[in-house]
Amino acid sequence: MSERERALGSTLKFAVPPDYVFRRDVCSYGYFLLAPNRWDPATESLGRTFEVGEPGAWLTVRAVIDQPAGSNGSPVRVRCDQRLDRADLASLRSQVRRMLNLEDQGVRAFHRSAPEFRRSGRARLFRSPTLFEDVIKTVTSCNVAWTSTIRMNERLCTVVNPAFPRPSQLARRKPGTLRARCGVGYRDVRIVEIGRLFASGASAVDGLEDSSRPDDEVYEQLLGLPGIGPYAASNVMQLLGRYGHLPVDTETMRHARSVLGMEGEDKRLRERVEEHYRPYGEHRFRAYWFELWADYERRRGPAWTWDPETTGKTFTASSLRD
DNA sequence: GGTAGACCTGGACGC
DNA sequence: GCGTCCAGGTCTACC
């Protein structure tokens, strides 16, 4: 493809399920506020840098994704800053489909289990183009305030790769460099090690996306990864489309006390939270999460109106405490 | 199996 | 402007 042909940006349009509402379903999980994603509340579009191609010939593409008609189930559009060939368009399409979680077959079942979310239509959860990015984003969200998570992801994109670091890029980095330039702190060694595992296709990460495997097996495997404890493993589970685990953190405790009216010490509260969401079975994460999200929206307005520079930075348990 | 303390960063607070 | 304290989940050592 010539340079001139490339200059005329490609546009991709594709059908989505009838229930799909772009602004609601993108702004459904905090990762829509993390680099390289950039939500624009004014145009209700998501900007992002992607990488297409193959090892040794990566192509960096800047794209803007939206749903021009804005109505349920109307096609989603992806506008690129350059012209892509068929293979690159296919790669981009598959990355966007993962982010938008379009293959999620459990929406109806979730609404049967939790009819209180039928009216809002909440069910789908936003995620990253790759499992690797979801895992690293999860590690950067552990033991840290939300603003620091935002900063770490920004710096990883600025310092290593604007489309988000690839496993091999993090595998090659010195931990000290990541710590000094990306502000990841003691997570440096763990991030490099996760990069190595994904880059080499080690058995520790093999089969994580195999949906035929039982939940408990995948959960145990995740717990074996560096930097991944019970909270992070449960969070990655939901990013894999497995919603039966609850990632319990300080924010869960705040929610239990302030919204569910529960009392007691953390250990007892943890048990009560598990008990509370048990009736939702394999959908319990979604029931928990959209209840929490509805509370955020009561405080801050609909998520699609949040400005990443202001409102988007205010989510952390201590700042939301009543 | 349970628990205490270290890990690192940035924000809040007091002086 | 500086020093101190605290929030935040994982990991290791120890009981």
# chains A, B, ... in the order shown; residues from 1 in each chain; ligands from 1
call {"tool": "residues_around", "arguments": {"residues": "Arg181 (chain A)", "least_positions_apart": "3", "cutoff": "10 Å", "atoms": "only C-alpha atoms (C1' of nucleotides)", "output": "list in words"}}
result
Met152, Arg155, Leu156, Thr158, Val159, Val160, Gly176, Thr177, Leu178, Val184 and Gly185 of chain A
call {"tool": "select_by_dssp", "arguments": {"residues": "region 136-282 of chain A", "states": "alpha helix (DSSP H)", "output": "ChimeraX atom specification"}}
result
/A:136-139,146-159,167-172,175-182,188-200,215-223,230-239,250-258,266-277
call {"tool": "closest_residue", "arguments": {"among": "A:Asp88, A:Glu291, A:Glu274, A:Glu251", "to": "chain C", "atoms": "only C-alpha atoms (C1' of nucleotides)"}}
result
A:Glu251
call {"tool": "interface_residues", "arguments": {"of": "chain A", "to": "chain B", "cutoff": "12 Å", "atoms": "only C-alpha atoms (C1' of nucleotides)", "output": "PDB file with N, CA, C and O atoms, in the first residue's frame"}}
result
ATOM      1  N   THR A 140      -1.573  -2.762  38.104  1.00  0.00           N
ATOM      2  CA  THR A 140      -1.339  -1.340  38.419  1.00  0.00           C
ATOM      3  C   THR A 140      -2.472  -0.752  39.263  1.00  0.00           C
ATOM      4  O   THR A 140      -2.376   0.395  39.689  1.00  0.00           O
ATOM      5  N   CYS A 142      -3.614  -2.388  42.000  1.00  0.00           N
ATOM      6  CA  CYS A 142      -3.534  -2.983  43.337  1.00  0.00           C
ATOM      7  C   CYS A 142      -2.732  -2.119  44.304  1.00  0.00           C
ATOM      8  O   CYS A 142      -1.660  -1.631  43.966  1.00  0.00           O
ATOM      9  N   ASN A 143      -3.236  -1.992  45.498  1.00  0.00           N
ATOM     10  CA  ASN A 143      -2.535  -1.302  46.580  1.00  0.00           C
ATOM     11  C   ASN A 143      -2.124   0.120  46.211  1.00  0.00           C
ATOM     12  O   ASN A 143      -1.010   0.556  46.481  1.00  0.00           O
ATOM     13  N   VAL A 144      -3.043   0.811  45.589  1.00  0.00           N
ATOM     14  CA  VAL A 144      -2.706   2.143  45.105  1.00  0.00           C
ATOM     15  C   VAL A 144      -3.987   2.939  44.880  1.00  0.00           C
ATOM     16  O   VAL A 144      -5.039   2.359  44.638  1.00  0.00           O
ATOM     17  N   ALA A 145      -3.884   4.259  45.023  1.00  0.00           N
ATOM     18  CA  ALA A 145      -5.047   5.103  44.759  1.00  0.00           C
ATOM     19  C   ALA A 145      -5.297   5.165  43.247  1.00  0.00           C
ATOM     20  O   ALA A 145      -4.374   5.001  42.451  1.00  0.00           O
ATOM     21  N   TRP A 146      -6.543   5.408  42.870  1.00  0.00           N
ATOM     22  CA  TRP A 146      -6.942   5.391  41.459  1.00  0.00           C
ATOM     23  C   TRP A 146      -6.109   6.365  40.615  1.00  0.00           C
ATOM     24  O   TRP A 146      -5.724   6.063  39.488  1.00  0.00           O
ATOM     25  N   THR A 147      -5.777   7.534  41.191  1.00  0.00           N
ATOM     26  CA  THR A 147      -4.992   8.510  40.423  1.00  0.00           C
ATOM     27  C   THR A 147      -3.603   7.949  40.070  1.00  0.00           C
ATOM     28  O   THR A 147      -3.054   8.249  39.019  1.00  0.00           O
ATOM     29  N   SER A 148      -3.065   7.114  40.956  1.00  0.00           N
ATOM     30  CA  SER A 148      -1.758   6.518  40.657  1.00  0.00           C
ATOM     31  C   SER A 148      -1.889   5.472  39.559  1.00  0.00           C
ATOM     32  O   SER A 148      -0.986   5.312  38.733  1.00  0.00           O
ATOM     33  N   THR A 149      -2.998   4.737  39.559  1.00  0.00           N
ATOM     34  CA  THR A 149      -3.240   3.766  38.483  1.00  0.00           C
ATOM     35  C   THR A 149      -3.311   4.500  37.145  1.00  0.00           C
ATOM     36  O   THR A 149      -2.712   4.059  36.151  1.00  0.00           O
ATOM     37  N   ARG A 151      -1.900   7.305  36.396  1.00  0.00           N
ATOM     38  CA  ARG A 151      -0.558   7.803  36.061  1.00  0.00           C
ATOM     39  C   ARG A 151       0.345   6.681  35.529  1.00  0.00           C
ATOM     40  O   ARG A 151       1.055   6.845  34.544  1.00  0.00           O
ATOM     41  N   MET A 152       0.289   5.524  36.197  1.00  0.00           N
ATOM     42  CA  MET A 152       1.145   4.401  35.759  1.00  0.00           C
ATOM     43  C   MET A 152       0.823   4.011  34.316  1.00  0.00           C
ATOM     44  O   MET A 152       1.723   3.779  33.508  1.00  0.00           O
ATOM     45  N   ARG A 179      10.361   1.360  37.224  1.00  0.00           N
ATOM     46  CA  ARG A 179      10.100   2.023  38.504  1.00  0.00           C
ATOM     47  C   ARG A 179      10.365   3.525  38.393  1.00  0.00           C
ATOM     48  O   ARG A 179       9.547   4.348  38.787  1.00  0.00           O
ATOM     49  N   ALA A 180      11.529   3.871  37.827  1.00  0.00           N
ATOM     50  CA  ALA A 180      11.923   5.282  37.765  1.00  0.00           C
ATOM     51  C   ALA A 180      11.082   6.079  36.765  1.00  0.00           C
ATOM     52  O   ALA A 180      10.708   7.212  37.029  1.00  0.00           O
ATOM     53  N   CYS A 182       8.142   4.980  34.973  1.00  0.00           N
ATOM     54  CA  CYS A 182       6.697   4.744  34.887  1.00  0.00           C
ATOM     55  C   CYS A 182       6.022   4.796  36.253  1.00  0.00           C
ATOM     56  O   CYS A 182       4.800   4.685  36.346  1.00  0.00           O
ATOM     57  N   GLY A 183       6.815   4.941  37.319  1.00  0.00           N
ATOM     58  CA  GLY A 183       6.234   5.092  38.653  1.00  0.00           C
ATOM     59  C   GLY A 183       5.466   3.878  39.152  1.00  0.00           C
ATOM     60  O   GLY A 183       4.524   4.014  39.921  1.00  0.00           O
ATOM     61  N   VAL A 184       5.919   2.686  38.741  1.00  0.00           N
ATOM     62  CA  VAL A 184       5.170   1.487  39.134  1.00  0.00           C
ATOM     63  C   VAL A 184       5.599   0.963  40.510  1.00  0.00           C
ATOM     64  O   VAL A 184       5.011   0.011  41.021  1.00  0.00           O
ATOM     65  N   GLY A 185       6.638   1.571  41.096  1.00  0.00           N
ATOM     66  CA  GLY A 185       7.062   1.171  42.435  1.00  0.00           C
ATOM     67  C   GLY A 185       7.514  -0.271  42.506  1.00  0.00           C
ATOM     68  O   GLY A 185       8.139  -0.795  41.577  1.00  0.00           O
ATOM     69  N   TYR A 186       7.169  -0.930  43.614  1.00  0.00           N
ATOM     70  CA  TYR A 186       7.624  -2.314  43.825  1.00  0.00           C
ATOM     71  C   TYR A 186       6.997  -3.310  42.846  1.00  0.00           C
ATOM     72  O   TYR A 186       7.381  -4.481  42.816  1.00  0.00           O
ATOM     73  N   ARG A 187       6.044  -2.858  42.032  1.00  0.00           N
ATOM     74  CA  ARG A 187       5.423  -3.760  41.036  1.00  0.00           C
ATOM     75  C   ARG A 187       6.358  -4.027  39.854  1.00  0.00           C
ATOM     76  O   ARG A 187       6.056  -4.831  38.989  1.00  0.00           O
ATOM     77  N   ASP A 188       7.505  -3.296  39.821  1.00  0.00           N
ATOM     78  CA  ASP A 188       8.411  -3.372  38.666  1.00  0.00           C
ATOM     79  C   ASP A 188       8.805  -4.797  38.285  1.00  0.00           C
ATOM     80  O   ASP A 188       8.597  -5.232  37.154  1.00  0.00           O
ATOM     81  N   VAL A 189       9.323  -5.569  39.250  1.00  0.00           N
ATOM     82  CA  VAL A 189       9.784  -6.931  38.964  1.00  0.00           C
ATOM     83  C   VAL A 189       8.610  -7.803  38.523  1.00  0.00           C
ATOM     84  O   VAL A 189       8.715  -8.609  37.596  1.00  0.00           O
ATOM     85  N   GLY A 227       2.300 -10.942  41.392  1.00  0.00           N
ATOM     86  CA  GLY A 227       1.503  -9.726  41.598  1.00  0.00           C
ATOM     87  C   GLY A 227       0.016  -9.967  41.586  1.00  0.00           C
ATOM     88  O   GLY A 227      -0.776  -9.028  41.714  1.00  0.00           O
ATOM     89  N   SER A 318     -11.241   5.975  49.669  1.00  0.00           N
ATOM     90  CA  SER A 318     -11.130   6.989  50.715  1.00  0.00           C
ATOM     91  C   SER A 318     -11.821   8.289  50.335  1.00  0.00           C
ATOM     92  O   SER A 318     -12.384   8.973  51.178  1.00  0.00           O
ATOM     93  N   SER A 319     -11.791   8.643  49.025  1.00  0.00           N
ATOM     94  CA  SER A 319     -12.415   9.907  48.621  1.00  0.00           C
ATOM     95  C   SER A 319     -13.928   9.785  48.496  1.00  0.00           C
ATOM     96  O   SER A 319     -14.634  10.779  48.476  1.00  0.00           O
TER      97      SER A 319
END
call {"tool": "atom_distance", "arguments": {"atom1": "CA of Leu260 (chain A)", "atom2": "CA of Leu223 (chain A)"}}
result
29.0 Å
call {"tool": "residues_around", "arguments": {"residues": "Gly70 (chain A)", "least_positions_apart": "5", "cutoff": "10 Å", "atoms": "only C-alpha atoms (C1' of nucleotides)", "output": "list of chain:residue names"}}
result
A:Tyr20, A:Val21, A:Phe22, A:Arg23, A:Glu44, A:Pro75, A:Val76
call {"tool": "interface_residues", "arguments": {"of": "chain C", "to": "chain A", "cutoff": "7 Å", "atoms": "only C-alpha atoms (C1' of nucleotides)", "output": "MDAnalysis selection string"}}
result
chainID C and resid 8:10
